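Written below as C-alpha cells is the structure these notes are about.
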Amino acid sequence: MVRRMMMRMLPVWFLFALVGGPVFAADPGGATTLQAMPSLPTDYVWILVCGFLVFFMQAGFAMVETGFCRAKNTTNLLSKNLIDFVVASLVFFAVGYGFLKGNDLGGFIGVGRWFLRGEAYDVGTYLDFFWQLVFCGTAATIVSGAVAERLKFPAYLMYTFLVSFFVYPIYAHWVWGGGWLSKLPFGVGHADFAGSGVVHAIGGMIGLAGAMVLGPRFGKYGKDRKPLAIPGHNMSLAALGTFILWFGWFGFNPGSTFSAHHLRIAVVAVNTNLAAAAGALTTLLVMYAKTRKWDLGMTLNGTLGGLVAVTAPCAWIEGWAAVVIGAVAGILVVAGVYFFESRGIDDPVGAVSVHGLNGLWGLLSVGLFADGTYGLYTLEPPYVTGLFYGGGGGQLLAQLIGVLAVVAWSFGLGYLMFKVMDLAFGIRVTPEEELQGLDIFEHGTPAYPEFTRHRILFQERRSERVQA
Amino acid sequence: MVRRMMMRMLPVWFLFALVGGPVFAADPGGATTLQAMPSLPTDYVWILVCGFLVFFMQAGFAMVETGFCRAKNTTNLLSKNLIDFVVASLVFFAVGYGFLKGNDLGGFIGVGRWFLRGEAYDVGTYLDFFWQLVFCGTAATIVSGAVAERLKFPAYLMYTFLVSFFVYPIYAHWVWGGGWLSKLPFGVGHADFAGSGVVHAIGGMIGLAGAMVLGPRFGKYGKDRKPLAIPGHNMSLAALGTFILWFGWFGFNPGSTFSAHHLRIAVVAVNTNLAAAAGALTTLLVMYAKTRKWDLGMTLNGTLGGLVAVTAPCAWIEGWAAVVIGAVAGILVVAGVYFFESRGIDDPVGAVSVHGLNGLWGLLSVGLFADGTYGLYTLEPPYVTGLFYGGGGGQLLAQLIGVLAVVAWSFGLGYLMFKVMDLAFGIRVTPEEELQGLDIFEHGTPAYPEFTRHRILFQERRSERVQA
Amino acid sequence: MVRRMMMRMLPVWFLFALVGGPVFAADPGGATTLQAMPSLPTDYVWILVCGFLVFFMQAGFAMVETGFCRAKNTTNLLSKNLIDFVVASLVFFAVGYGFLKGNDLGGFIGVGRWFLRGEAYDVGTYLDFFWQLVFCGTAATIVSGAVAERLKFPAYLMYTFLVSFFVYPIYAHWVWGGGWLSKLPFGVGHADFAGSGVVHAIGGMIGLAGAMVLGPRFGKYGKDRKPLAIPGHNMSLAALGTFILWFGWFGFNPGSTFSAHHLRIAVVAVNTNLAAAAGALTTLLVMYAKTRKWDLGMTLNGTLGGLVAVTAPCAWIEGWAAVVIGAVAGILVVAGVYFFESRGIDDPVGAVSVHGLNGLWGLLSVGLFADGTYGLYTLEPPYVTGLFYGGGGGQLLAQLIGVLAVVAWSFGLGYLMFKVMDLAFGIRVTPEEELQGLDIFEHGTPAYPEFTRHRILFQERRSERVQA
C-alpha cells in the first residue's frame with residue numbers, strides 16, 4: 001500500500017509543470033527593488049550567506065545522528081537526513097510557505113504565494129522563502145535522531161511531508177507570520193528570535209512523540225529493565241557534525257535579524273558562541289563528577305543544548321547571560337537524557353533533551369534575561385525586556401504561553417501523526433530487520449561493506465561471478 | 001621517464017622568482033578603485049565568499065569520490081582530489097587565466113595577464129582571477145571520479161596540467177571571455193550562467209574519454225559480461241561530500257552574477273535548491289520503482305545531477321521550472337548510469353552521467369525555460385528568453401551549438417590526451433597494483449591501516465623493530 | 001587533586017551571574033554606530049562571515065589531528081579539540097580579551113573590558129571580541145597535535161586555560177593591541193598581518209615545548225634508536241580536515257583587513273591560495289624524489305605549511321611572491337619533520353614544523369617580499385616594504401625581533417607550564433593507558449566500538465544483560 005502511494009507521487013512532477021507558465025508580476029529581476037532601496041545588496045548578501053550556513057546544518061545533523069548510531073543503520077540515517085530536506089524543499093515551496101507567510105487568516109494561518117508564482121515571483125519574496133525554508137528543513141531533520149534505528153523509511157517520508165506541509169508552517173505563522181502568538185498583549189508578544197521554539201522545540205517534541213509511539217530499540221533495556229548504553233559507531237563523525245552545526249548556527253542566529261544594518265548581529269554571534277561553550281563545559285564537568293570520565297558524546301550534546309537554548313534570546317541579552325543560559329542548558333541535557341531513558345523512552349541521539357527541553361528553556365530565558373536594548377527585529381522600541389532587567393512579568397508570561405502552545409501543537413500533532421500511521425501500516429521495522437540493520441533491508445547497501453561483517457557476504461557473492 | 005619529467009618541474013619555482021620583480025601598475029592597493037565605485041565592497045564580499053564556497057566543493061568531490069570507491073584506493077583518490085586543485089592554481093595563475101581573460105584573439109583565445117603581473121596586479125583582476133580559478137579547479141576535479149581506481153597518479157598530474165593550461169581556459173574563453181560562442185547571432189548568444197557546459201560538461205566529457213581509454217576496472221564485469229556493482233567503502237563520506245557540494249553550489253550559482261547588486265541572487269539560490277531537491281526525489285522514486293530499495297548512492301547522484309542541470313539556467317528561470325529541470329536531471333542520472341555501464345564504460349562514481357549528461361541538459365534547458373526577466377549578467381535587456389516563454393527557437397539554437405562545441409572540444413581533446421599518454425607511457429596501473437590497491441603501490445600509505453588487512457602487514461613489520 | 005580542582009570550577013558559573021547585572025553603556029543596540037557610519041554593515045558582514053570561517057577551522061584541526069593519529073586515541077583528540085575552543089571562549093571572554101585589547105599598560109598588557117561589560121557592551125567591541133576570540137582559539141588548538149596520544153586530559157584543560165588566559169593575549173597585545181612590538185622603530189614596526197607569529201608560531205612553539213617535556217610515544221623509536229613511522233588511522237579525515245582548514249583560511253587571512261572597504265582582500269585571497277598550492281606541490285615533489293612515493297600525509301602538511309607561512313605577508317605581496325613563500329614552506333615542512341624526528345622529538349602530526357617553523361618563516365618573509373602597496377591595515381602610507389622592493393633592512397630587522405620575541409615568550413612559557421604541571425601531578429598517561437589508548441581510560445568510550453577490537457569487549461559485556 002505504502003509502495004503504491006509512493007509511486008503515485010511521480011505524476012506530481014507534471015502538476016508542477018501544469019501550474020507553471022509565463023504569468024508573473026512584482027519584481028523578479030530586482031532592478032526596481034534595488035532602485036527603491038540601494039542599501040539592500042548588503043542585506044541580501046548577509047541573509048543568503050547565513051541561509052547557506054543554515055542549510056549546511058543538514059550535513060551536521062546527518063553526521064551527528066549517524067555517528068551516534070550503529071554502523072548497520074548508517075545508510076538509513078543518511079538517507080533520512082537527506083530526504084527530509086528534499087521533501088521539505090518541494091512541499092514548502094508548493095504550499096507550506098504560503099501557510100506561513102501568505103495573507104493572515106484570523107491569526108491562525110496564511111494563504112497565498114503558492115509555488116512562488118504570480119505576485120510571489122519577486123526577489124524579496126524568493127529571499128524570504130529561502131530563509132524560511134532552511135529553518136523548516138532544520139525542524140524536520142531533528143526528528144530523525146529520536147526515531148533512529150527502527151522507523152520505517154516510508155513512514156519517515158510521510159512524516160516529513162506532513163511536517164513541512166502544515167505542522168511547522170502553521171506554528172511558525174503564529175510566531176513569525178503575524179499570527180496570534182506574536183500579538184499576545186504581554187511584553188512585546190511572544191518573542192522567539194531565531195526559533196528555540198519554532199524550530200527546535202517543534203522538532204524535539206515531535207521526536208518525543210515518535211520515540212514514544214515506536215518504543216525502545218531491541219537491546220536498549222536489560223533483563224533488569226535498566227537502560228543499557230548502545231554506543232555510537234563513529235565519534236569522529238559525531239564530533240564533525242557538532243562542529244558543522246555550531247558553524248551553521250552562526251548563520252541561524254545572527255542571520256535572523258534579516259538585516260545586516262542591525263549591527264546587533266555582532267552581539268548575537270558572541271552570545272551564540274558563549275552559550276555553546278558554557279553548555280559544553282557544564283556537561284563535561286557534570287558528567288565527570290558523575291562518572292569520572294570525560295564524556296565526549298554527552299559534551300557534544302551539551303554544546304548543542306547551549307546553542308538551542310540561546311537561539312530564542314540571543315539578540316536580547318548580554319554575554320554573561322548567554323553563559324548562564326548555556327550553562328543551565330548543559331545541565332538540562334544531562335538531566336533530560338537520564339530522565340527520558342529511565343522512563344523507557346529511547347531517544348538514540350538525545351534529540352528530545354537537546355532540542356525539546358532546551359528549546360523550551362530558551363523561550364523562557366527571554367522573559368528573564370532580555371535586557372531592553374533591542375526590539376523585535378527592529379532598532380526601535382518597544383525593546384524586549386525580561387524580569388531581571390525590570391521588564392516585569394509580562395514578557396515571561398508571553399513566553400510561557402508560547403511554551404504551552406508549542407508543546408500542545410507539536411507533541412499533540414506528532415503523537416497523532418505517528419499513531420495514525422502506525423495503526424494504518426505499522427511504522428516500525430520487523431525485529432529481524434532491526435537486528436540485521438535497516439541498511440540491508442530498506443536500502444540494499446551497507447554503508448561500510450568492507451569493514452563490517454557484510455564484507456564477507458559481498459565478497460562471497462561477487463567471487464562467484466567475477467571474471468578470472 | 002615520467003619520474004624524470006616530474007623532477008624537472010622543481011626548477012620551475014625559480015622561474016616564478018625570475019618573472020617576479022618590482023614592476024606593476026593598475027591599482028594593487030584598491031584605494032583608487034574604491035573611490036571610483038564606493039559600492040564595490042559589497043560586491044567584493046559577495047564574490048569572495050561565494051568563491052570560498054566554490055573552493056570548498058573540492059572537499060565535497062574528494063569525499064563523494066572516496067566514499068563511492070574502495071578503501072584500498074582511498075589515499076590515491078584523496079591525493080588526486082587535492083593535487084588537481086593545486087596544479088590548477090599554479091598553472092592557471094601562470095598561463096591559463098591569460099588564455100581565458102586576456103585580450104581576445106579572433107574569438108578563440110585570450111593573451112596577457114600572465115602571472116598576474118604588470119597591469120594585471122590590480123584588485124579587480126585578482127578578484128576575477130580568484131573567481132575563474134575556483135571554477136577551473138572544479139572542472140579539473142570532476143574527472144578523477146570517472147577514471148578512479150586504475151589511472152596512474154603521474155598521468156593524472158599530467159592531465160590536470162593540460163586541462164588547467166588550455167583545455168578549460170580556451171573553451172571558457174569562448175563562453176565567458178568574449179569568444180565566438182558568446183557572440184553567436186542567435187538569442188543573446190550561447191548562454192551558460194554558471195557553467196553547466198563550461199565546468200560540468202567539460203569535466204564529464206573528459207571523464208568519459210578517460211574511462212573509455214582506460215577500460216573497466218578488474219571485476220566490474222562478470223563472466224556473463226553483465227556489469228557487477230562494486231560498492232563504495234563509505235556511504236557516510238559520500239553523503240557528507242554531497243552535502244558539501246550542495247552547500248558549495250550556493251556559491252557557484254548565485255555568485256555567478258558577479259555582483260551583489262543583482263538582487264536576482266535570491267532567485268538563483270532558490271532555483272539551485274529546488275533543482276537539487278527535485279533531482280534527489282525523482283531518482284529515489286525511480287530507483288524504488290526499479291529495485292524496491294531506497295537507493296542512497298543513486299539518490300546522492302540524483303541530487304548532484306539536479307544541481308549540475310540547473311547551473312546553466314538558474315538565473316533565468318522561475319522556481320517551478322527549476323523543479324522540472326531537476327526532476328528530468330534525476331531521471332537522466334539513472335538512465336545514464338545504466339546506459340554507460342551496459343556499454344562497457346566503467347565510471348566508478350557516475351561522473352559522466354551526473355556532470356556530462358546533465359551539463360548538456362542544463363545548456364538546452366536555457367533555450368526552453370528562460371523567462372525573459374534577467375539579462376546576460378546584467379539587469380538591462382536583452383533578456384534571455386526561451387521557447388516556452390515566447391523567445392522563439394533562437395536561444396535554443398545557440399544552446400544546441402554550444403552543446404556540440406563543448407562535446408567536440410572536451411571529448412575530442414580528452415580522448416587525444418589520454419590516448420597519447422597511454423601510448424607514450426601507459427596510463428593504467430598494473431593488474432597487481434589494481435588488485436592490491438593503488439594506495440600501497442603509488443603512495444606507500446594505506447588510508448585505514450588499522451581497519452583493513454594492511455593492519456596485519458604493518459603490525460608485523462613494526463613488531464620486529466619496536467623497543468621492548 | 002586534579003579532580004578536585006576541576007570540580008571546583010563549577011561554582012565559577014555563579015561568578016558569571018554575580019558580575020552580571022543591568023549596568024551598561026556605549027551602543028549595545030547599534031543604531032548610533034550605524035548612523036555615525038552608514039557603510040559599516042558591509043564591514044560587519046565581512047568580518048563576521050570571515051570569523052565564522054575561522055571558527056570552522058576548529059573542525060579542520062580536529063579532523064587532521066584525529067586522522068593522523070591512531071584509532072585508540074580518537075575520542076581523546078576530538079575531546080581536546082572541542083574543549084580548547086570551549087575553554088578559550090569563556091576565559092578569553094572573562095579576562096583574556098582585556099589583556100589583549102584593554103587600555104595599554106606600558107606596552108606590555110591591556111586592562112579593562114572584562115566580561116565585555118559596562119562600556120564594552122557595544123556592537124563594535126563585541127565584533128572585535130569575536131574576531132580576536134577565533135584567533136585565540138586557533139592558537140590554542142594547534143598544540144593538541146604535538147602532544148597527542150600521551151598527554152593527560154586534565155593537563156590539557158589546564159594548558160588551554162593558561163594559554164587563553166594570558167600567554168596568547170599578552171603576546172597578541174604586543175603585536176595587535178598597541179604593544180611594544182607594534183611600535184618598534186624599524187620599518188612600520190613588527191608586521192604580522194594575520195598571525196603567522198601571533199597564532200601559528202605561538203601554537204607551534206608551545207607544542208614543541210610540550211612534545212619535549214612529554215618525550216616520544218611508546219613505539220616511536222626502534223631498538224636501533226631510529227624513528228619508526230606510526231601511520232594515522234584515517235587519511236580521509238586528515239584530507240577532509242586539510243580542506244576545511246584551507247577553506248577557513250580564506251576567512252583567517254582576507255578577513256584580517258578588518259574592513260571590506262580594503263579591496264585588497266582580493267589580493268589576500270589569491271595569495272593565500274597560491275601559497276597553499278605551492279607548499280603542497282613542493283612537498284609532493286620533494287617527497288617523491290626522496291621516497292619514490294606520492295606521500296599524501298606530508299603533502300597535506302605541505303599545504304598547511306604554505307598557508308601558515310603566507311599568513312603574515314599575504315596582504316603585502318604579489319602573487320609570484322606567494323608562490324615562492326609557499327614553495328619554501330613546503331621544503332621547510334619536510335626538513336622540519338625529519339629534523340625533529342631525528343632529534344628524538346615526537347610530534348605526531350607535524351604541528352611544530354607546519355605551524356612553528358613556517359610561522360617564523362612567514363614573519364621573516366614580510367621583510368623580504370613586502371612590495372609597498374598596502375599599509376598596516378590601512379590604505380594610507382606608510383606602506384610595508386621589504387628588502388627586495390627597496391625597503392632597506394628596517395622591516396626585516398623588525399621581523400627578526402618579532403621572531404626572537406615569539407620564540408622566547410611562547411617556547412619559554414610553554415616549557416615552564418608543562419614542566420611545572422609535570423612536576424606537580426605528572427602530565428603523561430600511564431604506559432598501560434598509552435598502550436590501550438586514552439579513549440577507554442580517560443573517556444570511557446572508544447570512537448569506533450564496532451570496528452576495533454573493543455567491539456568484542458563491548459559485545460561480551462552487553463550480551464550478558466540484554467533481554468532475550
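Chain lettering (A, B, ...) mirrors the order of the C-alpha cells, residue numbering begins at 1 for each chain separately, and ligand numbering begins at 1 in order of display.
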What lies within 7 Å of region 135-145 of chain A using only C-alpha atoms, ignoring chain neighbours under 6 positions off, as number ranges by chain? A: 58, 65, 80-81, 84-85, 88, 160, 163-164, 168, 199-200, 202-204, 206-207, 348-349, 351
Taking 6 positions as the minimum chain separation for residues in the same chain, which residues sit within 8 Å of Phe115 (chain B) when counting only C-alpha atoms? Answer as a PyMOL selection string. (chain B and resi 93-95) or (chain C and resi 319-320)
Name all residues at most 9 Å from Cys314 (chain B) (count only C-alpha atoms; drop same-chain ones fewer than 2 positions away) and give them as a list in words. Phe193, Ala194, Asn253, Pro254, Val267, Val268, Ala269, Val270, Asn271, Thr272, Ala309, Val310, Thr311, Ala312, Trp316, Ile317, Glu318, Ala322, Val366 and Ala370 of chain B
In region 251-293 of chain C, DSSP helix (DSSP H, G or I) residues written as a PDB file with C-alpha atoms, in the first residue's frame:
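The resulting out.pdb:
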ATOM      1  CA  GLY C 251      38.418  33.871   6.467  1.00  0.00           C
ATOM      2  CA  PHE C 252      41.614  33.983   8.507  1.00  0.00           C
ATOM      3  CA  PRO C 254      41.421  38.137   3.928  1.00  0.00           C
ATOM      4  CA  GLY C 255      39.249  38.908   6.959  1.00  0.00           C
ATOM      5  CA  SER C 256      42.236  40.350   8.772  1.00  0.00           C
ATOM      6  CA  THR C 257      41.868  43.623   6.889  1.00  0.00           C
ATOM      7  CA  ILE C 265      41.048  41.491   0.220  1.00  0.00           C
ATOM      8  CA  ALA C 266      41.017  40.080  -3.309  1.00  0.00           C
ATOM      9  CA  VAL C 267      44.811  40.062  -3.425  1.00  0.00           C
ATOM     10  CA  VAL C 268      44.966  38.491   0.028  1.00  0.00           C
ATOM     11  CA  ALA C 269      42.652  35.665  -1.044  1.00  0.00           C
ATOM     12  CA  VAL C 270      44.694  34.921  -4.161  1.00  0.00           C
ATOM     13  CA  ASN C 271      47.989  34.956  -2.271  1.00  0.00           C
ATOM     14  CA  THR C 272      46.621  32.659   0.400  1.00  0.00           C
ATOM     15  CA  ASN C 273      45.576  30.164  -2.227  1.00  0.00           C
ATOM     16  CA  LEU C 274      48.808  30.321  -4.210  1.00  0.00           C
ATOM     17  CA  ALA C 275      50.985  29.684  -1.173  1.00  0.00           C
ATOM     18  CA  ALA C 276      48.893  26.670  -0.194  1.00  0.00           C
ATOM     19  CA  ALA C 277      49.215  25.239  -3.686  1.00  0.00           C
ATOM     20  CA  ALA C 278      52.943  25.887  -3.903  1.00  0.00           C
ATOM     21  CA  GLY C 279      53.506  24.343  -0.483  1.00  0.00           C
ATOM     22  CA  ALA C 280      51.606  21.240  -1.498  1.00  0.00           C
ATOM     23  CA  LEU C 281      53.361  20.770  -4.827  1.00  0.00           C
ATOM     24  CA  THR C 282      56.853  21.277  -3.457  1.00  0.00           C
ATOM     25  CA  THR C 283      56.259  18.802  -0.665  1.00  0.00           C
ATOM     26  CA  LEU C 284      54.806  16.267  -3.067  1.00  0.00           C
ATOM     27  CA  LEU C 285      57.816  16.500  -5.372  1.00  0.00           C
ATOM     28  CA  VAL C 286      60.440  16.574  -2.644  1.00  0.00           C
ATOM     29  CA  MET C 287      58.931  13.525  -1.007  1.00  0.00           C
ATOM     30  CA  TYR C 288      58.712  11.765  -4.355  1.00  0.00           C
ATOM     31  CA  ALA C 289      62.361  12.483  -5.013  1.00  0.00           C
ATOM     32  CA  LYS C 290      63.166  11.070  -1.590  1.00  0.00           C
ATOM     33  CA  THR C 291      60.896   8.031  -1.391  1.00  0.00           C
TER      34      THR C 291
END
Give me the residues near Lys293 (chain B) as an mmCIF file with N, CA, C and O atoms, in the first residue's frame, where near means some atom within 7 Å (using only C-alpha atoms) and where sequence neighbours in that chain fewer than 3 positions away do not count.
data_model
loop_
_atom_site.group_PDB
_atom_site.id
_atom_site.type_symbol
_atom_site.label_atom_id
_atom_site.label_comp_id
_atom_site.auth_asym_id
_atom_site.auth_seq_id
_atom_site.Cartn_x
_atom_site.Cartn_y
_atom_site.Cartn_z
ATOM 1 N N GLU A 442 16.122 -2.079 3.830
ATOM 2 C CA GLU A 442 15.393 -0.999 3.172
ATOM 3 C C GLU A 442 16.180 -0.374 2.022
ATOM 4 O O GLU A 442 15.596 0.168 1.103
ATOM 5 N N HIS A 443 17.512 -0.426 2.108
ATOM 6 C CA HIS A 443 18.316 0.313 1.137
ATOM 7 C C HIS A 443 19.178 -0.582 0.256
ATOM 8 O O HIS A 443 19.684 -0.140 -0.773
ATOM 9 N N GLY A 444 19.373 -1.806 0.698
ATOM 10 C CA GLY A 444 20.148 -2.729 -0.128
ATOM 11 C C GLY A 444 21.645 -2.496 -0.111
ATOM 12 O O GLY A 444 22.401 -3.247 -0.714
ATOM 13 N N TYR B 288 13.375 3.251 -6.613
ATOM 14 C CA TYR B 288 12.499 2.404 -5.805
ATOM 15 C C TYR B 288 11.562 1.597 -6.699
ATOM 16 O O TYR B 288 11.332 0.400 -6.474
#
Taking 4 positions as the minimum chain separation for residues in the same chain, which residues sit within 7 Å of Val333 (chain B) when counting only C-alpha atoms? Answer as JSON, numbers by chain. {"B": [301, 302, 305, 329, 337, 353, 354]}
Create the file for the chosen residues now, containing C-alpha atoms and written as a CSV table (one decimal), in the first residue's frame.
chain,number,residue,atom,x,y,z
B,301,ASN,CA,24.0,11.4,-7.6
B,302,GLY,CA,20.4,12.5,-8.5
B,305,GLY,CA,22.5,15.8,-11.3
B,329,ALA,CA,18.1,15.5,-14.4
B,337,VAL,CA,24.5,5.2,-15.3
B,353,SER,CA,26.0,10.9,-16.1
B,354,VAL,CA,25.9,13.5,-13.3
Give me the residues near region 181-188 of chain C as an NGL selection string, where near means some atom within 10 Å (using only C-alpha atoms) and where sequence neighbours in that chain fewer than 4 positions away do not count. :C and (107-108 or 171-177 or 192 or 367 or 375-376 or 381-386 or 391-399 or 401-402 or 405)
Counting only C-alpha atoms, which of C:Val49, C:Ala260, C:Leu127, C:Cys69 gets nearest to chain A? C:Leu127
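Proximity of B:Leu214, B:Leu332, B:Val420, B:Ile440 to chain C, computed with only C-alpha atoms, is greatest for B:Ile440.
Residues in contact range of Ala26 (chain A), defined as at most 9 Å between only C-alpha atoms, with sequence neighbours fewer than 6 positions away removed, read A:Gly118, A:Glu119, A:Ala120, A:Tyr121, A:Asp122, A:Val123.
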Just write the chosen residues, C-alpha atoms, as an mmCIF file, in the first residue's frame.
data_model
loop_
_atom_site.group_PDB
_atom_site.id
_atom_site.type_symbol
_atom_site.label_atom_id
_atom_site.label_comp_id
_atom_site.auth_asym_id
_atom_site.auth_seq_id
_atom_site.Cartn_x
_atom_site.Cartn_y
_atom_site.Cartn_z
ATOM 1 C CA GLY A 118 2.314 35.430 -9.733
ATOM 2 C CA GLU A 119 2.940 38.268 -7.289
ATOM 3 C CA ALA A 120 5.296 35.998 -5.366
ATOM 4 C CA TYR A 121 7.747 35.858 -8.279
ATOM 5 C CA ASP A 122 9.736 38.633 -6.715
ATOM 6 C CA VAL A 123 13.316 38.887 -5.477
#
Quick check for you: according to DSSP on this backbone, which residues of region 257-449 of chain A are classed as strand (DSSP E)? Reply as number ranges by chain. A: 371-375, 383-385
